[in-house]
$ cat work11.txt   # compact mmCIF, N, CA and C atoms
# COMPACT_ATOMS: atom_id res chain seq x y z
N MET A 22 0.84 -1.17 0.00
CA MET A 22 0.00 0.00 0.00
C MET A 22 0.89 1.24 0.00
N ALA A 23 0.47 2.24 -0.77
CA ALA A 23 1.17 3.52 -0.81
C ALA A 23 0.18 4.62 -0.49
N VAL A 24 0.68 5.68 0.12
CA VAL A 24 -0.13 6.85 0.43
C VAL A 24 0.42 7.99 -0.39
N HIS A 25 -0.43 8.60 -1.22
CA HIS A 25 -0.03 9.70 -2.09
C HIS A 25 -0.69 10.98 -1.60
N TYR A 26 0.10 12.01 -1.41
CA TYR A 26 -0.40 13.31 -0.98
C TYR A 26 -0.50 14.22 -2.19
N VAL A 27 -1.70 14.79 -2.41
CA VAL A 27 -1.97 15.62 -3.58
C VAL A 27 -2.67 16.90 -3.10
N CYS A 28 -2.33 18.03 -3.72
CA CYS A 28 -2.99 19.29 -3.37
C CYS A 28 -4.44 19.25 -3.85
N ARG A 29 -5.35 19.58 -2.97
CA ARG A 29 -6.77 19.54 -3.31
C ARG A 29 -7.17 20.62 -4.30
N HIS A 30 -6.36 21.66 -4.47
CA HIS A 30 -6.71 22.75 -5.37
C HIS A 30 -6.01 22.65 -6.72
N CYS A 31 -4.69 22.55 -6.72
CA CYS A 31 -3.94 22.56 -7.99
C CYS A 31 -3.57 21.16 -8.47
N LYS A 32 -3.87 20.13 -7.67
CA LYS A 32 -3.63 18.72 -8.01
C LYS A 32 -2.14 18.37 -8.13
N THR A 33 -1.27 19.18 -7.56
CA THR A 33 0.17 18.90 -7.57
C THR A 33 0.48 17.71 -6.67
N ASN A 34 1.32 16.81 -7.14
CA ASN A 34 1.76 15.68 -6.33
C ASN A 34 2.76 16.20 -5.31
N ILE A 35 2.45 16.09 -4.05
CA ILE A 35 3.30 16.62 -2.99
C ILE A 35 4.28 15.58 -2.48
N GLY A 36 3.88 14.33 -2.43
CA GLY A 36 4.77 13.27 -1.98
C GLY A 36 4.04 11.97 -1.79
N SER A 37 4.82 10.92 -1.53
CA SER A 37 4.25 9.58 -1.35
C SER A 37 5.01 8.85 -0.25
N LEU A 38 4.30 7.95 0.40
CA LEU A 38 4.88 7.07 1.40
C LEU A 38 4.49 5.64 1.05
N SER A 39 5.36 4.71 1.35
CA SER A 39 5.00 3.31 1.13
C SER A 39 5.62 2.46 2.24
N GLY A 40 5.21 1.22 2.28
CA GLY A 40 5.74 0.30 3.28
C GLY A 40 5.25 0.64 4.66
N GLN A 41 6.11 0.42 5.65
CA GLN A 41 5.74 0.62 7.04
C GLN A 41 5.41 2.09 7.34
N ALA A 42 6.03 3.03 6.62
CA ALA A 42 5.76 4.45 6.84
C ALA A 42 4.34 4.82 6.42
N ALA A 43 3.69 3.99 5.61
CA ALA A 43 2.36 4.29 5.09
C ALA A 43 1.24 3.66 5.91
N GLU A 44 1.54 3.10 7.06
CA GLU A 44 0.49 2.52 7.91
C GLU A 44 -0.41 3.64 8.42
N THR A 45 -1.72 3.48 8.21
CA THR A 45 -2.65 4.56 8.55
C THR A 45 -2.62 4.93 10.03
N ALA A 46 -2.37 3.98 10.91
CA ALA A 46 -2.29 4.29 12.34
C ALA A 46 -1.10 5.20 12.63
N ARG A 47 0.00 4.99 11.94
CA ARG A 47 1.19 5.83 12.14
C ARG A 47 0.99 7.23 11.57
N LEU A 48 0.11 7.35 10.58
CA LEU A 48 -0.13 8.65 9.94
C LEU A 48 -1.17 9.48 10.68
N GLY A 49 -1.85 8.89 11.64
CA GLY A 49 -2.81 9.62 12.45
C GLY A 49 -4.19 9.75 11.85
N PHE A 50 -4.50 8.93 10.85
CA PHE A 50 -5.82 9.00 10.23
C PHE A 50 -6.93 8.67 11.22
N HIS A 51 -6.62 7.89 12.25
CA HIS A 51 -7.63 7.51 13.23
C HIS A 51 -8.10 8.69 14.08
N PHE A 52 -7.37 9.80 14.05
CA PHE A 52 -7.78 10.99 14.79
C PHE A 52 -8.83 11.80 14.05
N LEU A 53 -9.03 11.52 12.77
CA LEU A 53 -10.00 12.26 11.96
C LEU A 53 -11.41 11.76 12.22
N THR A 54 -12.36 12.68 12.13
CA THR A 54 -13.76 12.29 12.22
C THR A 54 -14.14 11.59 10.92
N PRO A 55 -15.25 10.85 10.90
CA PRO A 55 -15.68 10.22 9.66
C PRO A 55 -15.90 11.22 8.52
N GLU A 56 -16.41 12.41 8.84
CA GLU A 56 -16.62 13.44 7.83
C GLU A 56 -15.29 13.93 7.27
N GLU A 57 -14.32 14.14 8.15
CA GLU A 57 -12.99 14.58 7.70
C GLU A 57 -12.34 13.50 6.84
N ARG A 58 -12.46 12.27 7.25
CA ARG A 58 -11.90 11.17 6.46
C ARG A 58 -12.47 11.14 5.05
N SER A 59 -13.79 11.24 4.94
CA SER A 59 -14.40 11.16 3.61
C SER A 59 -14.03 12.36 2.75
N ASP A 60 -13.74 13.50 3.37
CA ASP A 60 -13.35 14.69 2.62
C ASP A 60 -11.87 14.68 2.22
N ILE A 61 -11.03 14.10 3.05
CA ILE A 61 -9.58 14.18 2.86
C ILE A 61 -8.99 12.93 2.22
N ILE A 62 -9.50 11.77 2.55
CA ILE A 62 -8.86 10.50 2.15
C ILE A 62 -9.70 9.78 1.11
N ALA A 63 -9.04 9.32 0.05
CA ALA A 63 -9.70 8.51 -0.98
C ALA A 63 -8.96 7.19 -1.07
N TYR A 64 -9.71 6.08 -0.98
CA TYR A 64 -9.13 4.75 -1.10
C TYR A 64 -9.31 4.28 -2.53
N ASN A 65 -8.20 4.02 -3.21
CA ASN A 65 -8.21 3.63 -4.61
C ASN A 65 -8.39 2.13 -4.76
N PRO A 66 -8.97 1.68 -5.89
CA PRO A 66 -9.19 0.24 -6.11
C PRO A 66 -7.89 -0.59 -6.09
N ASP A 67 -6.77 0.04 -6.41
CA ASP A 67 -5.49 -0.69 -6.43
C ASP A 67 -4.87 -0.84 -5.05
N GLY A 68 -5.58 -0.38 -4.00
CA GLY A 68 -5.08 -0.53 -2.64
C GLY A 68 -4.32 0.67 -2.12
N ASN A 69 -4.07 1.64 -2.98
CA ASN A 69 -3.37 2.84 -2.56
C ASN A 69 -4.35 3.85 -1.99
N VAL A 70 -3.81 4.84 -1.30
CA VAL A 70 -4.61 5.86 -0.65
C VAL A 70 -4.16 7.22 -1.17
N THR A 71 -5.12 8.09 -1.47
CA THR A 71 -4.81 9.46 -1.86
C THR A 71 -5.32 10.39 -0.77
N VAL A 72 -4.43 11.26 -0.30
CA VAL A 72 -4.78 12.21 0.75
C VAL A 72 -4.74 13.60 0.15
N LYS A 73 -5.87 14.31 0.22
CA LYS A 73 -5.97 15.65 -0.35
C LYS A 73 -5.63 16.67 0.74
N ILE A 74 -4.54 17.41 0.51
CA ILE A 74 -4.12 18.46 1.42
C ILE A 74 -3.91 19.73 0.60
N VAL A 75 -3.44 20.80 1.21
CA VAL A 75 -3.22 22.06 0.50
C VAL A 75 -1.72 22.33 0.47
N CYS A 76 -1.18 22.54 -0.73
CA CYS A 76 0.25 22.82 -0.87
C CYS A 76 0.56 24.25 -0.41
N ASP A 77 1.83 24.54 -0.22
CA ASP A 77 2.24 25.86 0.27
C ASP A 77 1.82 26.98 -0.67
N TYR A 78 1.95 26.75 -1.98
CA TYR A 78 1.58 27.78 -2.96
C TYR A 78 0.10 28.14 -2.84
N CYS A 79 -0.75 27.13 -2.81
CA CYS A 79 -2.20 27.37 -2.71
C CYS A 79 -2.56 27.97 -1.36
N ARG A 80 -1.92 27.51 -0.30
CA ARG A 80 -2.19 28.06 1.03
C ARG A 80 -1.89 29.56 1.05
N GLU A 81 -0.74 29.96 0.51
CA GLU A 81 -0.37 31.37 0.47
C GLU A 81 -1.34 32.17 -0.38
N ALA A 82 -1.74 31.61 -1.52
CA ALA A 82 -2.69 32.31 -2.41
C ALA A 82 -4.03 32.48 -1.72
N LEU A 83 -4.49 31.45 -1.02
CA LEU A 83 -5.78 31.54 -0.33
C LEU A 83 -5.73 32.47 0.88
N GLU A 84 -4.60 32.52 1.56
CA GLU A 84 -4.46 33.45 2.68
C GLU A 84 -4.45 34.89 2.19
N ALA A 85 -3.82 35.13 1.04
CA ALA A 85 -3.75 36.48 0.48
C ALA A 85 -5.08 36.88 -0.16
N ASN A 86 -5.86 35.90 -0.62
CA ASN A 86 -7.13 36.17 -1.31
C ASN A 86 -8.21 35.23 -0.78
N PRO A 87 -8.71 35.46 0.42
CA PRO A 87 -9.69 34.55 1.02
C PRO A 87 -10.97 34.39 0.21
N GLU A 88 -11.28 35.35 -0.63
CA GLU A 88 -12.49 35.25 -1.45
C GLU A 88 -12.42 34.08 -2.43
N LEU A 89 -11.22 33.58 -2.70
CA LEU A 89 -11.07 32.42 -3.59
C LEU A 89 -11.73 31.17 -3.02
N LEU A 90 -11.92 31.12 -1.72
CA LEU A 90 -12.58 29.98 -1.10
C LEU A 90 -14.05 29.87 -1.49
N LEU A 91 -14.62 30.94 -2.02
CA LEU A 91 -16.01 30.93 -2.45
C LEU A 91 -16.19 30.31 -3.83
N VAL A 92 -15.09 30.13 -4.56
CA VAL A 92 -15.12 29.56 -5.90
C VAL A 92 -14.91 28.05 -5.81
N THR A 93 -15.59 27.29 -6.65
CA THR A 93 -15.48 25.83 -6.61
C THR A 93 -14.05 25.35 -6.83
N ASN A 94 -13.38 25.83 -7.88
CA ASN A 94 -11.99 25.46 -8.16
C ASN A 94 -11.17 26.75 -8.24
N PRO A 95 -10.72 27.27 -7.11
CA PRO A 95 -10.07 28.58 -7.11
C PRO A 95 -8.73 28.63 -7.83
N LEU A 96 -7.96 27.58 -7.77
CA LEU A 96 -6.62 27.59 -8.34
C LEU A 96 -6.46 26.43 -9.30
N GLN A 97 -6.91 26.63 -10.50
CA GLN A 97 -6.88 25.53 -11.47
C GLN A 97 -5.56 25.43 -12.14
$ encode --input "work11.txt" --output "structure tokens"
Amino acid sequence: MAVHYVCRHCKTNIGSLSGQAAETARLGFHFLTPEERSDIIAYNPDGNVTVKIVCDYCREALEANPELLLVTNPLQ
């Protein structure tokens, strides 16, 4: 199993973990509520996991322009 981190806005691949480092208990997924899990984590048919987070570029853009959060895809 591999865990792939992708920016939820610009879809940039941020990084991946595999093997023992990719165990969900070690990554703290169990601390998320069921709603947070369904919003952040996607389980792929091939057994891999995709985690949607926000990259530094998008975070800075959203902090500088909070009105972008009102748009469905602010940073395409």
$ select_by_dssp --input "work11.txt" --residues "chain A" --states "alpha helix (DSSP H)" --output "PDB file with N, CA and C atoms, keeping the file's coordinate frame"
ATOM      1  N   THR A  45      -1.720   3.480   8.210  1.00  0.00           N
ATOM      2  CA  THR A  45      -2.650   4.560   8.550  1.00  0.00           C
ATOM      3  C   THR A  45      -2.620   4.930  10.030  1.00  0.00           C
ATOM      4  N   ALA A  46      -2.370   3.980  10.910  1.00  0.00           N
ATOM      5  CA  ALA A  46      -2.290   4.290  12.340  1.00  0.00           C
ATOM      6  C   ALA A  46      -1.100   5.200  12.630  1.00  0.00           C
ATOM      7  N   ARG A  47       0.000   4.990  11.940  1.00  0.00           N
ATOM      8  CA  ARG A  47       1.190   5.830  12.140  1.00  0.00           C
ATOM      9  C   ARG A  47       0.990   7.230  11.570  1.00  0.00           C
ATOM     10  N   LEU A  48       0.110   7.350  10.580  1.00  0.00           N
ATOM     11  CA  LEU A  48      -0.130   8.650   9.940  1.00  0.00           C
ATOM     12  C   LEU A  48      -1.170   9.480  10.680  1.00  0.00           C
ATOM     13  N   PRO A  55     -15.250  10.850  10.900  1.00  0.00           N
ATOM     14  CA  PRO A  55     -15.680  10.220   9.660  1.00  0.00           C
ATOM     15  C   PRO A  55     -15.900  11.220   8.520  1.00  0.00           C
ATOM     16  N   GLU A  56     -16.410  12.410   8.840  1.00  0.00           N
ATOM     17  CA  GLU A  56     -16.620  13.440   7.830  1.00  0.00           C
ATOM     18  C   GLU A  56     -15.290  13.930   7.270  1.00  0.00           C
ATOM     19  N   GLU A  57     -14.320  14.140   8.150  1.00  0.00           N
ATOM     20  CA  GLU A  57     -12.990  14.580   7.700  1.00  0.00           C
ATOM     21  C   GLU A  57     -12.340  13.500   6.840  1.00  0.00           C
ATOM     22  N   ARG A  58     -12.460  12.270   7.250  1.00  0.00           N
ATOM     23  CA  ARG A  58     -11.900  11.170   6.460  1.00  0.00           C
ATOM     24  C   ARG A  58     -12.470  11.140   5.050  1.00  0.00           C
ATOM     25  N   SER A  59     -13.790  11.240   4.940  1.00  0.00           N
ATOM     26  CA  SER A  59     -14.400  11.160   3.610  1.00  0.00           C
ATOM     27  C   SER A  59     -14.030  12.360   2.750  1.00  0.00           C
ATOM     28  N   ASP A  60     -13.740  13.500   3.370  1.00  0.00           N
ATOM     29  CA  ASP A  60     -13.350  14.690   2.620  1.00  0.00           C
ATOM     30  C   ASP A  60     -11.870  14.680   2.220  1.00  0.00           C
ATOM     31  N   ILE A  61     -11.030  14.100   3.050  1.00  0.00           N
ATOM     32  CA  ILE A  61      -9.580  14.180   2.860  1.00  0.00           C
ATOM     33  C   ILE A  61      -8.990  12.930   2.220  1.00  0.00           C
ATOM     34  N   ASP A  77       1.830  24.540  -0.220  1.00  0.00           N
ATOM     35  CA  ASP A  77       2.240  25.860   0.270  1.00  0.00           C
ATOM     36  C   ASP A  77       1.820  26.980  -0.670  1.00  0.00           C
ATOM     37  N   TYR A  78       1.950  26.750  -1.980  1.00  0.00           N
ATOM     38  CA  TYR A  78       1.580  27.780  -2.960  1.00  0.00           C
ATOM     39  C   TYR A  78       0.100  28.140  -2.840  1.00  0.00           C
ATOM     40  N   CYS A  79      -0.750  27.130  -2.810  1.00  0.00           N
ATOM     41  CA  CYS A  79      -2.200  27.370  -2.710  1.00  0.00           C
ATOM     42  C   CYS A  79      -2.560  27.970  -1.360  1.00  0.00           C
ATOM     43  N   ARG A  80      -1.920  27.510  -0.300  1.00  0.00           N
ATOM     44  CA  ARG A  80      -2.190  28.060   1.030  1.00  0.00           C
ATOM     45  C   ARG A  80      -1.890  29.560   1.050  1.00  0.00           C
ATOM     46  N   GLU A  81      -0.740  29.960   0.510  1.00  0.00           N
ATOM     47  CA  GLU A  81      -0.370  31.370   0.470  1.00  0.00           C
ATOM     48  C   GLU A  81      -1.340  32.170  -0.380  1.00  0.00           C
ATOM     49  N   ALA A  82      -1.740  31.610  -1.520  1.00  0.00           N
ATOM     50  CA  ALA A  82      -2.690  32.310  -2.410  1.00  0.00           C
ATOM     51  C   ALA A  82      -4.030  32.480  -1.720  1.00  0.00           C
ATOM     52  N   LEU A  83      -4.490  31.450  -1.020  1.00  0.00           N
ATOM     53  CA  LEU A  83      -5.780  31.540  -0.330  1.00  0.00           C
ATOM     54  C   LEU A  83      -5.730  32.470   0.880  1.00  0.00           C
ATOM     55  N   GLU A  84      -4.600  32.520   1.560  1.00  0.00           N
ATOM     56  CA  GLU A  84      -4.460  33.450   2.680  1.00  0.00           C
ATOM     57  C   GLU A  84      -4.450  34.890   2.190  1.00  0.00           C
ATOM     58  N   ALA A  85      -3.820  35.130   1.040  1.00  0.00           N
ATOM     59  CA  ALA A  85      -3.750  36.480   0.480  1.00  0.00           C
ATOM     60  C   ALA A  85      -5.080  36.880  -0.160  1.00  0.00           C
TER      61      ALA A  85
END
$ closest_residue --input "work11.txt" --among "A:Ala46, A:Lys73, A:Gly40, A:Thr33" --to "Asp60 in chain A" --atoms "all atoms listed in the file"
A:Lys73
$ atom_distance --input "work11.txt" --atom1 "atom N of Ala23 in chain A" --atom2 "CA of Glu57 in chain A"
20.1 Å
$ residues_around --input "work11.txt" --residues "Ala63 in chain A" --least-positions-apart "4" --cutoff "6 Å" --atoms "only N, CA and C atoms" --output "list in words"
Asn69, Val70, Thr71, Val72 and Lys73 of chain A
$ closest_residue --input "work11.txt" --among "A:Ile74, A:Val92, A:Ala85, A:Ile62" --to "Tyr26 in chain A" --atoms "only N, CA and C atoms"
A:Ile74
$ atom_distance --input "work11.txt" --atom1 "atom C of Arg29 in chain A" --atom2 "atom C of Gln41 in chain A"
25.2 Å
$ axis_aligned_box --input "work11.txt" --around "range 47-63 of chain A" --padding-each-side "8 Å" --output "AutoDock Vina command-line options"
--center_x -7.7 --center_y 9.8 --center_z 6.9 --size_x 33.8 --size_y 25.7 --size_z 31.9
$ atom_distance --input "work11.txt" --atom1 "CA of Ser39 in chain A" --atom2 "CA of Glu81 in chain A"
28.6 Å
$ closest_residue --input "work11.txt" --among "A:Leu48, A:Tyr64, A:Glu84, A:Val75" --to "Val27 in chain A" --atoms "all atoms listed in the file"
A:Val75
$ select_by_dssp --input "work11.txt" --residues "chain A" --states "strand (DSSP E)" --output "MDAnalysis selection string"
chainID A and resid 23:28 34:39 62:64 70:74
